[in-house]
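These notes concern the structure reproduced below.
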Amino acid sequence: MRSPRRCSRNGCPRQAVATLTYVYSDSTAVVGPLAAFAEPHTYDLCEPHARSLTAPRGWELVRHDGDFAPPPPTTDDLVALADAVREAARPPAPPPRSDERDLPGHQTGRRGHLRVIPPTH
């Protein structure tokens, strides 16, 4: 499963909602809504970092005026959710059958889906 895009700032665990792009030829930094795809030379930012960003000295800052909305869920997110629901709805494993645990002289240990059978002498 692909995880949602995270803020590019070091140590920030928040989900990205904006993209920062530098236009070097115009000395402009642009903070806009999250780009559809992560691109080289752009930076994904969470809302607090997108709102508090300042441009380098001598540069102009163009910032998106509206709210930054989180990106919609991807099909990967929906598939992961469906898998989690299926796993939660799966009935518990049945207890071992009586013929497996009551064999004379044979003791078996169960661990997950594997069965340990002691060697016979």
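Letters A, B, ... go to the chains of the structure tokens in the order shown; residues in each chain start at 1; ligands are counted from 1 in the same order.
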
Would you pick out the contacts of A:Cys7 at 8 Å or less, using only C-alpha atoms, so that residues sharing its chain but fewer than 5 positions from it are not included, and give the list as an MDAnalysis selection string? chainID A and resid 12:16 43:46

I need the residues of stretch 15-56 of chain A that end up classed as strand (DSSP E or B) by DSSP on the backbone, written out as a list in words.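 Restricting stretch 15-56 of chain A to strand (DSSP E or B) produces Gln15, Ala18, Thr19, Leu20, Thr21, Tyr22, Val23, Thr28, Ala29, Val30, Val31, Gly32, Pro33, Thr42, Tyr43, Asp44 and Leu45 of chain A.
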
Okay, now the selection with C-alpha atoms, as a CSV table (one decimal), in the first residue's frame?
```
chain,number,residue,atom,x,y,z
A,15,GLN,CA,0.1,14.8,5.5
A,18,ALA,CA,0.2,22.0,-0.6
A,19,THR,CA,3.1,22.1,-3.1
A,20,LEU,CA,5.9,24.6,-3.1
A,21,THR,CA,7.6,25.4,-6.4
A,22,TYR,CA,10.4,27.9,-7.0
A,23,VAL,CA,10.4,29.8,-10.3
A,28,THR,CA,9.3,33.7,-7.1
A,29,ALA,CA,8.2,31.0,-4.7
A,30,VAL,CA,4.7,29.6,-5.4
A,31,VAL,CA,2.7,27.7,-2.7
A,32,GLY,CA,-0.4,26.2,-4.2
A,33,PRO,CA,-2.7,23.2,-3.8
A,42,THR,CA,8.9,20.7,-5.8
A,43,TYR,CA,8.2,20.3,-2.1
A,44,ASP,CA,5.1,19.0,-0.5
A,45,LEU,CA,4.0,20.9,2.6
```

Can you tell me how far atom CA of A:Leu61 sits from atom CA of A:Arg6, in Å to one decimal?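 A separation of 22.2 Å between them.
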
Among the residues A:Glu39, A:Pro92, A:Leu53, A:Glu60, the one that comes closest to A:Ser25 [using only C-alpha atoms]: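 Nearest candidate to A:Ser25 out of A:Glu39, A:Pro92, A:Leu53, A:Glu60: A:Glu60.
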
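Using only C-alpha atoms, the shortest contact distance between A:Ala36 and any of A:Pro4, A:Pro94, A:Gly66, A:Pro56 is found at A:Pro4.
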
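Using only C-alpha atoms, the smallest distance between any of A:Leu81, A:Thr54, A:Pro70, A:Trp59 and A:Ala35 comes from A:Pro70.
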
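Interatomic distance, atom CA of A:Gly11 to atom CA of A:Glu47: 14.8 Å.
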
Would you work out the distance separating atom CA of A:Leu34 from atom CA of A:His49, expressed in Å to one decimal?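 Separating atom CA of A:Leu34 from atom CA of A:His49 is a distance of 13.0 Å.
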